[in-house]
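Below is one structure, written out as structure tokens; the observations come after it.
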Amino acid sequence: MAATTTVTRSLPALPEGWSADKDFKPITKITASSQRTIEPVGPHFLAHARRARHKRTFSEDDRIQAQESAKKIEKDDESDESEPEDPMMLQREAKDWKSQDHYQVLGITKYRWKATEDQIKRAHRKKVLKHHPDKKAAQGSSEDDSFFKCIQKATEVLLDPVKRRQFDSIDEKADVEPPSKKESGKNFYKLWSRVFKAESRFSKQQPVPMFGDANSTKEEVDNFYNFWYNFDSWRTFEYLDEDVPDDNENRGQKRHMERKNANARSKKKAEDNARLRKMLDDCSAADERIKRFRQEANAAKNKKKNDKEAAEKKAKEDARLKKEAEEKAAKEAEEKAKVDREANKKAKEAAKTAVKKNKRILKGSVKDANYFASGDATAAQVDAVLNDVDLIQGKIDPDEIAALAGKLNGLKVADEIKGVWSGEVKRLVGAGKLKDGEAKSLV
Amino acid sequence: MAEKGGNKLGVSPDERCAIGISFGNSYSSIASTIDDSPVVIANEDGDRQIPTILSYIDGEEYTGNQAKAMLIRNPSNTVVSFKDFLGQDFKSIDPTHCHAAAHPEDVSGTVSFKIQDKGEKEASTLSVSEVSTRYIRRLVQSATDYLGKKVTSAVIAVPTNFSKKQREALVKAANDADLEVLQLINEPIASVLAYDARPEAKLEDKIIVVAELGGTRSDVAVVASRGGLYTILATAHDYEFAGVHLDKVLMDHFAQEFMKKNPNVDPRENARSLAKLKAESEAAKKSLSIGTNANFSVESLAEGIDFQMTINRLRYETIARKVFDGFNRLVEGVIKKAGLDVLDIDEVILSGGTSHTPRIASNFRSLFPDTTTIQAPSTNPNAINPSELQPRGAALQASLIQEYETEDIEQSTHAALTTVKHITNAIGVICVSDDGTETFTRIIAPETAVPARRTVHVAAPKDGGDVLVKIVEGGTHIKVTKPEPKAKDNSAKDEDDSDFDDSEEEEEEHREKVWKIGTTLAEAAVKGVKEGGKVEVTINVANDLSATITTREVGGKGGVRGNLKPA
């Protein structure tokens, strides 16, 4: 905003006699404005919004922004604390560079494979400022530049992407040892995720799925193990190669060494793969989540099975109960019918005997009445009376017989008996069961 | 145009991976920023302009050019030109461009398409929102594949006349595709931003005409760029002059040529022939934007007859003249609507696919004065590909705001912050030109949003001494003179004045923009300026239109400072 433009045309000279308080003379106001909408887009709008929201003026905002950017740069410098230098390390010879820890030499062990190129460059610069042989000479100590050479070598390796990968491949200090069974009790997820995080630096595919924690879903866990069992690693073991003689004199020897190295590399690679696989096996064997998922899956499966079985059982039970109930009902009905039948039979027999008894009473009554004859009854009279009695007996039902028998029972006088009989005959005639003129002998 | 971002997805700023999307009716593009410079991303087919088409065959989903090819074989399951339908009622949509594809249907007021998207099964009814979600998901997938990390957020460019409802519908469709919308920005502003963000761009106060010439619509906006703050002064939208109308001209031409050779066979009467004709006409149009000749060749155009012919650019420009003139009128109309003149325009940005056409740019070239920059590939070799302006602008905006919390973005784009006063008249100082006349030198341009601060260095008289700094308001008027103009000193004008001194041979009337000195706001004196010295004048206009004016000699101390009361 503060960009200035330059105008070549000149300002007018001050007219004579012009004067004002403090050389400034306000005259009018700015013409009324129009309200418009500015587009909330672009870096200058962001600046505008910042000023408006914090109620800053242009110059205030410039100052604050300048301060902030200045602070940032300072912070960047501060963030690189120097690591203490091991006196043993300072004694190193540059010719042993293969065995040196380049990150330690540059003092960036806390970053290791995570160190950015910028961090490496800055670390190198810092170390150079400190260990430059000319400086040491100026300080009066011996002109020993062996550690300086170590620094140069470390930088050379770490700033070359190919060499750096080779070194990172064998940088065991960056490895995290898998926890033993005992260790990985409570902190199982924490410890193992550290292991895999360290291991993930070798992955050609980034990002690498996270190990997760106890709450990870089945999908995440499956994804994790699938990824790691199919791990695509860029790890190489060239760094550990034995030196191949550089001369042209003995080609056979050279080729032999190269072959040997290649074999050693592939052997180490195979070992590394096996190591990773074993680690994964150990980890998955101890992984509670897998067990849980299996159990859950089994439980779900069993539940289904059990449900089905229970349903079948229930259906069977229901059928059985139903059948039993039916059988019971049938049996009861049968028994009841039997009892009824017997009762009927008895009743019938009782009725029969009663009828027989009553009939005897009827017959006895006419006999008691001496067949309604005065003196000895003739055979014809007896027959006629008995026939009539039979006739009446045949006409009336057992109840009436019983009633009649009740009336006749105990009567000894012939007239009374006769009266009962004639009454009966009359009733029957009235009821139309006897014809007038029948059973004359009893009237 | 405060537009709220879709904060439903709740992506935190450090997890964001934001892209810019230009979501058009005909084509869409996606862009990302790599080391602060915008890069338009190609999809898996290698296309940077991805046709906004979704097609289904046997349950397979196709987008982009693959889907476009389906328009010939499978038009009923291909959805085209659906973006403008978002958030609209069925009764207010224009289904013209869907004629040769799936037709929009009215499903309880919302626009829907009936598509067989699951193989042989029954057709399902997809709302336009669902279609957009599916399409946006594919765009995001392409960007994710390209960038190698999951794209979570985006800035989307929309036309200026997109209603609030349409904006909400677009945000919802994007959210449904798991995409957080950081901001919706206006398409013309995205194009301006794409130019202004170039490292070589200078921060100037200028008036820009942005012509977005697309496939199915043309939008023109007049934008005031003031110290990097953009204000839209006027817009115009047109659906009669756009890319499809150029296609139509070519289609008719080729069809007539075909019928000359094959009487009674009209390829426009058969849907499949028409689709072939249209596809090849569009291809021919594109080749004519690059070369001067184009080949039109279709196998079995109609009734099994192959057809082949060439067309040159001149012929094309002749037959399409009506459409080209339409673009001119559109631009002229919007400048008039903004109350300006072509002489006021400092820059014309051509954006959108149709802008590749050289004729349109050369028409504009002759419409505007020579001082106006025409940003089109055929007139300016440094111009950015017009098709990539919007996604680039959107991607730049995305990279600017992606580190902010959603809430911050919402607050910053709120109307309370974006609606501000703009001064109506220019503010400047009086200078003396060589022949002694007083002229106005602009310091703050009209239509500048306040608060604003501008600083100029003005030369003092040659021999130094005391100088008068007279702050005045100024206006412009167009001075029309007949040929042989008076020797009016044009050098006494500001750098963005236009002059026609070079075009003396034009026998037409001569028009120029002249500053008029208005009311004097204040006077100040700077005393004892050294020989050959310069005077620095800083004007700082506050929110309430009160102004602080500081004048001092460059390199000198102290200076004069004074205030103007608020208006």
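Residue numbers start at 1 in each chain; chains themselves are named A, B, ... in the order of the structure tokens; ligands are numbered from 1 in the order shown.
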
Output the contact residues of chain A with respect to chain B at a cut-off of 10 Å, based on only C-alpha atoms, as a CSV table (one decimal) with N, CA, C and O atoms, in the first residue's frame.
chain,number,residue,atom,x,y,z
A,1,MET,N,0.8,-1.2,0.0
A,1,MET,CA,0.0,0.0,0.0
A,1,MET,C,0.9,1.2,0.0
A,1,MET,O,0.5,2.3,-0.4
A,2,ALA,N,2.0,1.1,0.5
A,2,ALA,CA,2.8,2.3,0.7
A,2,ALA,C,3.7,2.6,-0.6
A,2,ALA,O,4.6,3.4,-0.6
A,3,ALA,N,3.4,1.9,-1.6
A,3,ALA,CA,4.2,2.1,-2.8
A,3,ALA,C,4.0,3.5,-3.3
A,3,ALA,O,2.9,4.0,-3.3
A,4,THR,N,5.0,4.1,-3.7
A,4,THR,CA,4.9,5.5,-4.2
A,4,THR,C,5.1,5.6,-5.7
A,4,THR,O,5.8,4.8,-6.3
A,5,THR,N,4.4,6.6,-6.2
A,5,THR,CA,4.6,6.9,-7.6
A,5,THR,C,5.3,8.2,-7.7
A,5,THR,O,5.2,9.1,-6.8
A,6,THR,N,6.1,8.4,-8.7
A,6,THR,CA,6.8,9.6,-8.9
A,6,THR,C,6.2,10.4,-10.1
A,6,THR,O,6.0,9.8,-11.1
A,7,VAL,N,6.0,11.7,-9.8
A,7,VAL,CA,5.4,12.5,-10.9
A,7,VAL,C,6.6,13.5,-11.3
A,7,VAL,O,7.2,14.1,-10.4
A,8,THR,N,6.8,13.6,-12.5
A,8,THR,CA,7.9,14.5,-13.0
A,8,THR,C,7.4,16.0,-13.1
A,8,THR,O,8.3,16.8,-13.0
A,9,ARG,N,6.1,16.1,-13.3
A,9,ARG,CA,5.7,17.5,-13.4
A,9,ARG,C,5.9,18.2,-12.0
A,9,ARG,O,5.8,17.6,-11.0
A,10,SER,N,6.2,19.5,-12.1
A,10,SER,CA,6.6,20.1,-10.8
A,10,SER,C,5.4,20.8,-10.1
A,10,SER,O,4.4,21.1,-10.7
A,11,LEU,N,5.6,21.0,-8.9
A,11,LEU,CA,4.6,21.7,-8.1
A,11,LEU,C,4.8,23.2,-8.3
A,11,LEU,O,5.9,23.7,-8.6
A,12,PRO,N,3.7,23.9,-8.2
A,12,PRO,CA,3.8,25.3,-8.3
A,12,PRO,C,4.6,26.0,-7.2
A,12,PRO,O,4.6,25.4,-6.1
A,13,ALA,N,5.2,27.1,-7.5
A,13,ALA,CA,5.9,27.8,-6.4
A,13,ALA,C,4.9,28.5,-5.5
A,13,ALA,O,3.7,28.7,-5.9
A,14,LEU,N,5.3,28.7,-4.3
A,14,LEU,CA,4.4,29.3,-3.3
A,14,LEU,C,4.1,30.7,-3.7
A,14,LEU,O,5.0,31.5,-3.9
A,15,PRO,N,2.8,31.1,-3.9
A,15,PRO,CA,2.5,32.5,-4.2
A,15,PRO,C,2.9,33.4,-3.1
A,15,PRO,O,2.9,33.0,-1.9
A,16,GLU,N,3.2,34.5,-3.5
A,16,GLU,CA,3.7,35.5,-2.4
A,16,GLU,C,2.5,35.8,-1.5
A,16,GLU,O,1.3,35.9,-1.9
A,18,TRP,N,1.3,34.0,0.7
A,18,TRP,CA,0.5,32.9,1.2
A,18,TRP,C,1.0,32.5,2.6
A,18,TRP,O,2.2,32.4,2.9
A,19,SER,N,0.1,32.4,3.5
A,19,SER,CA,0.5,32.0,4.9
A,19,SER,C,-0.6,31.3,5.5
A,19,SER,O,-1.8,31.5,5.2
A,20,ALA,N,-0.3,30.4,6.4
A,20,ALA,CA,-1.3,29.7,7.1
A,20,ALA,C,-0.7,29.2,8.4
A,20,ALA,O,0.5,29.1,8.6
A,21,ASP,N,-1.6,28.8,9.3
A,21,ASP,CA,-1.1,28.3,10.6
A,21,ASP,C,-0.4,27.0,10.4
A,21,ASP,O,-0.9,26.1,9.8
A,22,LYS,N,0.8,26.9,10.8
A,22,LYS,CA,1.6,25.6,10.6
A,22,LYS,C,1.7,25.2,9.1
A,22,LYS,O,1.8,24.1,8.8
A,23,ASP,N,1.6,26.2,8.3
A,23,ASP,CA,1.8,26.0,6.8
A,23,ASP,C,0.7,25.1,6.2
A,23,ASP,O,0.9,24.5,5.2
A,24,PHE,N,-0.4,24.9,6.9
A,24,PHE,CA,-1.5,24.0,6.4
A,24,PHE,C,-2.8,24.7,6.5
A,24,PHE,O,-3.2,25.3,7.5
A,25,LYS,N,-3.5,24.7,5.4
A,25,LYS,CA,-4.8,25.4,5.4
A,25,LYS,C,-5.9,24.5,4.9
A,25,LYS,O,-6.0,24.2,3.7
A,26,PRO,N,-6.7,23.8,5.8
A,26,PRO,CA,-7.8,23.0,5.3
A,26,PRO,C,-8.9,23.9,4.7
A,26,PRO,O,-9.2,24.9,5.3
A,27,ILE,N,-9.5,23.5,3.6
A,27,ILE,CA,-10.5,24.3,3.0
A,27,ILE,C,-11.9,23.6,3.0
A,27,ILE,O,-12.8,24.1,3.6
A,28,THR,N,-12.0,22.5,2.4
A,28,THR,CA,-13.3,21.8,2.4
A,28,THR,C,-13.1,20.4,2.8
A,28,THR,O,-12.0,19.9,2.9
A,29,LYS,N,-14.3,19.7,2.8
A,29,LYS,CA,-14.2,18.3,3.1
A,29,LYS,C,-14.2,17.5,1.8
A,29,LYS,O,-14.6,18.0,0.8
A,30,ILE,N,-14.0,16.3,1.9
A,30,ILE,CA,-14.0,15.4,0.8
A,30,ILE,C,-15.5,15.2,0.4
A,30,ILE,O,-16.3,15.1,1.3
A,31,THR,N,-15.8,15.1,-0.9
A,31,THR,CA,-17.1,14.9,-1.3
A,31,THR,C,-17.7,13.6,-0.8
A,31,THR,O,-17.0,12.6,-0.6
A,32,ALA,N,-19.0,13.6,-0.6
A,32,ALA,CA,-19.7,12.4,0.0
A,32,ALA,C,-19.3,11.2,-0.8
A,32,ALA,O,-19.0,11.2,-2.0
A,33,SER,N,-19.4,10.1,-0.1
A,33,SER,CA,-18.9,8.8,-0.7
A,33,SER,C,-20.1,8.0,-1.1
A,33,SER,O,-21.2,8.3,-0.8
A,34,SER,N,-19.8,6.9,-1.7
A,34,SER,CA,-20.8,5.9,-2.0
A,34,SER,C,-20.4,4.6,-1.3
A,34,SER,O,-19.2,4.3,-1.2
A,35,GLN,N,-21.4,3.9,-0.9
A,35,GLN,CA,-21.1,2.6,-0.2
A,35,GLN,C,-21.0,1.5,-1.3
A,35,GLN,O,-21.9,1.4,-2.1
A,36,ARG,N,-20.0,0.8,-1.3
A,36,ARG,CA,-19.8,-0.3,-2.3
A,36,ARG,C,-19.3,-1.5,-1.5
A,36,ARG,O,-18.7,-1.4,-0.4
A,37,THR,N,-19.3,-2.6,-2.2
A,37,THR,CA,-18.8,-3.8,-1.6
A,37,THR,C,-17.5,-4.2,-2.2
A,37,THR,O,-17.4,-4.3,-3.5
A,38,ILE,N,-16.5,-4.3,-1.4
A,38,ILE,CA,-15.2,-4.8,-2.0
A,38,ILE,C,-15.2,-6.3,-1.9
A,38,ILE,O,-15.8,-6.9,-1.1
A,39,GLU,N,-14.4,-6.9,-2.9
A,39,GLU,CA,-14.4,-8.3,-3.0
A,39,GLU,C,-13.5,-8.9,-1.9
A,39,GLU,O,-12.3,-8.5,-1.8
A,40,PRO,N,-13.9,-9.9,-1.1
A,40,PRO,CA,-13.1,-10.4,-0.1
A,40,PRO,C,-12.0,-11.4,-0.6
A,40,PRO,O,-12.0,-12.6,-0.3
A,41,VAL,N,-11.2,-10.9,-1.5
A,41,VAL,CA,-10.3,-11.8,-2.2
A,41,VAL,C,-8.9,-11.1,-2.3
A,41,VAL,O,-8.9,-9.9,-2.5
A,42,GLY,N,-7.9,-11.9,-2.2
A,42,GLY,CA,-6.6,-11.4,-2.5
A,42,GLY,C,-5.8,-11.0,-1.2
A,42,GLY,O,-6.4,-10.8,-0.2
A,43,PRO,N,-4.5,-10.9,-1.4
A,43,PRO,CA,-3.7,-10.6,-0.2
A,43,PRO,C,-4.0,-9.2,0.4
A,43,PRO,O,-3.9,-9.0,1.6
A,44,HIS,N,-4.3,-8.3,-0.5
A,44,HIS,CA,-4.5,-6.9,0.1
A,44,HIS,C,-5.9,-6.9,0.8
A,44,HIS,O,-6.0,-6.1,1.7
A,45,PHE,N,-6.8,-7.7,0.4
A,45,PHE,CA,-8.0,-7.7,1.2
A,45,PHE,C,-7.7,-8.3,2.6
A,45,PHE,O,-8.3,-7.8,3.6
A,46,LEU,N,-6.9,-9.3,2.6
A,46,LEU,CA,-6.6,-9.9,3.9
A,46,LEU,C,-6.0,-8.9,4.9
A,46,LEU,O,-6.3,-8.8,6.0
A,47,ALA,N,-5.1,-8.0,4.3
A,47,ALA,CA,-4.5,-7.0,5.0
A,47,ALA,C,-5.6,-6.0,5.5
A,47,ALA,O,-5.6,-5.5,6.7
A,48,HIS,N,-6.5,-5.7,4.6
A,48,HIS,CA,-7.6,-4.8,4.9
A,48,HIS,C,-8.4,-5.3,6.1
A,48,HIS,O,-8.7,-4.6,7.0
A,49,ALA,N,-8.8,-6.6,6.0
A,49,ALA,CA,-9.6,-7.3,7.0
A,49,ALA,C,-8.8,-7.2,8.3
A,49,ALA,O,-9.4,-7.0,9.4
A,50,ARG,N,-7.6,-7.5,8.3
A,50,ARG,CA,-6.8,-7.5,9.5
A,50,ARG,C,-6.8,-6.2,10.2
A,50,ARG,O,-7.0,-6.0,11.3
A,51,ARG,N,-6.6,-5.1,9.3
A,51,ARG,CA,-6.6,-3.8,9.9
A,51,ARG,C,-8.0,-3.4,10.5
A,51,ARG,O,-8.1,-2.9,11.6
A,52,ALA,N,-9.0,-3.8,9.7
A,52,ALA,CA,-10.4,-3.4,10.1
A,52,ALA,C,-10.7,-4.2,11.4
A,52,ALA,O,-11.3,-3.6,12.3
A,53,ARG,N,-10.4,-5.4,11.5
A,53,ARG,CA,-10.8,-6.2,12.7
A,53,ARG,C,-10.0,-5.8,13.9
A,53,ARG,O,-10.5,-5.9,15.0
A,57,THR,N,-4.4,1.3,12.2
A,57,THR,CA,-4.2,2.2,11.1
A,57,THR,C,-3.1,1.6,10.2
A,57,THR,O,-2.5,0.6,10.6
A,58,PHE,N,-2.9,2.2,9.1
A,58,PHE,CA,-1.9,1.7,8.1
A,58,PHE,C,-0.5,1.6,8.8
A,58,PHE,O,0.1,0.5,8.7
A,59,SER,N,-0.1,2.7,9.5
A,59,SER,CA,1.3,2.6,10.0
A,59,SER,C,1.4,1.7,11.1
A,59,SER,O,2.4,1.0,11.2
A,206,GLN,N,3.9,-43.4,0.9
A,206,GLN,CA,3.6,-42.5,2.1
A,206,GLN,C,2.2,-41.9,1.8
A,206,GLN,O,1.9,-41.7,0.7
A,207,PRO,N,1.4,-41.6,2.8
A,207,PRO,CA,1.7,-41.9,4.2
A,207,PRO,C,1.4,-43.3,4.5
A,207,PRO,O,0.7,-44.0,3.8

Item to complete: Mind checking which residues fall within 10 Å of segment 258-263 of chain A, counting only C-alpha atoms, ignoring those fewer than 2 positions away in the same chain, and posting them as a count of residues only?
Response: 18

Worksheet entry | Secondary structure check, alpha helix (DSSP H) residues of segment 166-224 of chain A, as a PyMOL selection string | chain A and resi 166-169+188-199+218-224

Fill in: Residues within 9 Å of segment 393-402 of chain A, only C-alpha atoms, excluding chain neighbours under 4 positions, as a list in words
Ala351, Lys352, Ala354, Val355, Lys357, Asn358, Lys359, Leu362, Asp388, Val389, Gly406, Lys407, Leu428, Lys433 and Leu434 of chain A

Practice prompt. Could you give me, as a list in words, the residues within 6 Å of Asp219 of chain B, counting only C-alpha atoms and dropping anything in the same chain fewer than 4 positions from it?
Written response: Glu212, Ala236 and His237 of chain B

Fill in: Nearest residue to Asp94 of chain B from the set B:Glu130, B:Val158, B:Tyr239, B:Asp47 (distances using only C-alpha atoms)
B:Tyr239

Discussion item. Taking 6 positions as the minimum chain separation for residues in the same chain, which residues sit within 10 Å of Tyr404 of chain B when counting only C-alpha atoms? Answer as a list in words.
Written reply: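 Counting only C-alpha atoms, the residues come to Ser12, Pro13, Asp14, Arg16, Leu182 and Glu410 of chain B.
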
Kindly save the residues from that selection, with C-alpha atoms included, as a PDB file, in the first residue's frame.
ATOM      1  CA  SER B  12      -8.688 -27.847  11.124  1.00  0.00           C
ATOM      2  CA  PRO B  13      -6.335 -25.438   9.335  1.00  0.00           C
ATOM      3  CA  ASP B  14      -3.213 -27.585   9.666  1.00  0.00           C
ATOM      4  CA  ARG B  16      -6.206 -28.708   5.198  1.00  0.00           C
ATOM      5  CA  LEU B 182     -13.507 -22.205   2.350  1.00  0.00           C
ATOM      6  CA  GLU B 410     -16.279 -16.106   7.982  1.00  0.00           C
TER       7      GLU B 410
END

Worksheet item: Which neighbours of segment 272-287 of chain A fall inside 9 Å, counting only C-alpha atoms, when residues of the same chain fewer than 5 positions from it are skipped, and could you give them as number ranges by chain?
Response: A: 178, 181, 184, 188-189, 192, 199, 225, 228-229, 231, 233, 235, 267, 292

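We find atom CA of Arg137 of chain B and atom CA of Glu122 of chain B to be spaced 23.9 Å apart.
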
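Distance check against Ala94 of chain A using only C-alpha atoms: of A:Lys149, A:Arg56, A:Lys412, A:His131, the minimum falls on A:Lys149.
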
Worksheet item: Could you state the separation of atom CA of Ser37 of chain B and atom CA of Leu389 of chain B in Å, given to one decimal place?
Response: 12.5 Å

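Near Tyr371 of chain A, within 10 Å and counting only C-alpha atoms, sit A:Lys363, A:Gly364, A:Ser365, A:Val366, A:Asp376, A:Ala377, A:Thr378, A:Ala379, A:Gln381, A:Val382, A:Asp383, A:Ala384, A:Val385, A:Leu386, A:Ala414, A:Ile417, A:Lys418, A:Ser441, A:Leu442; same-chain residues fewer than 5 positions away were not included.
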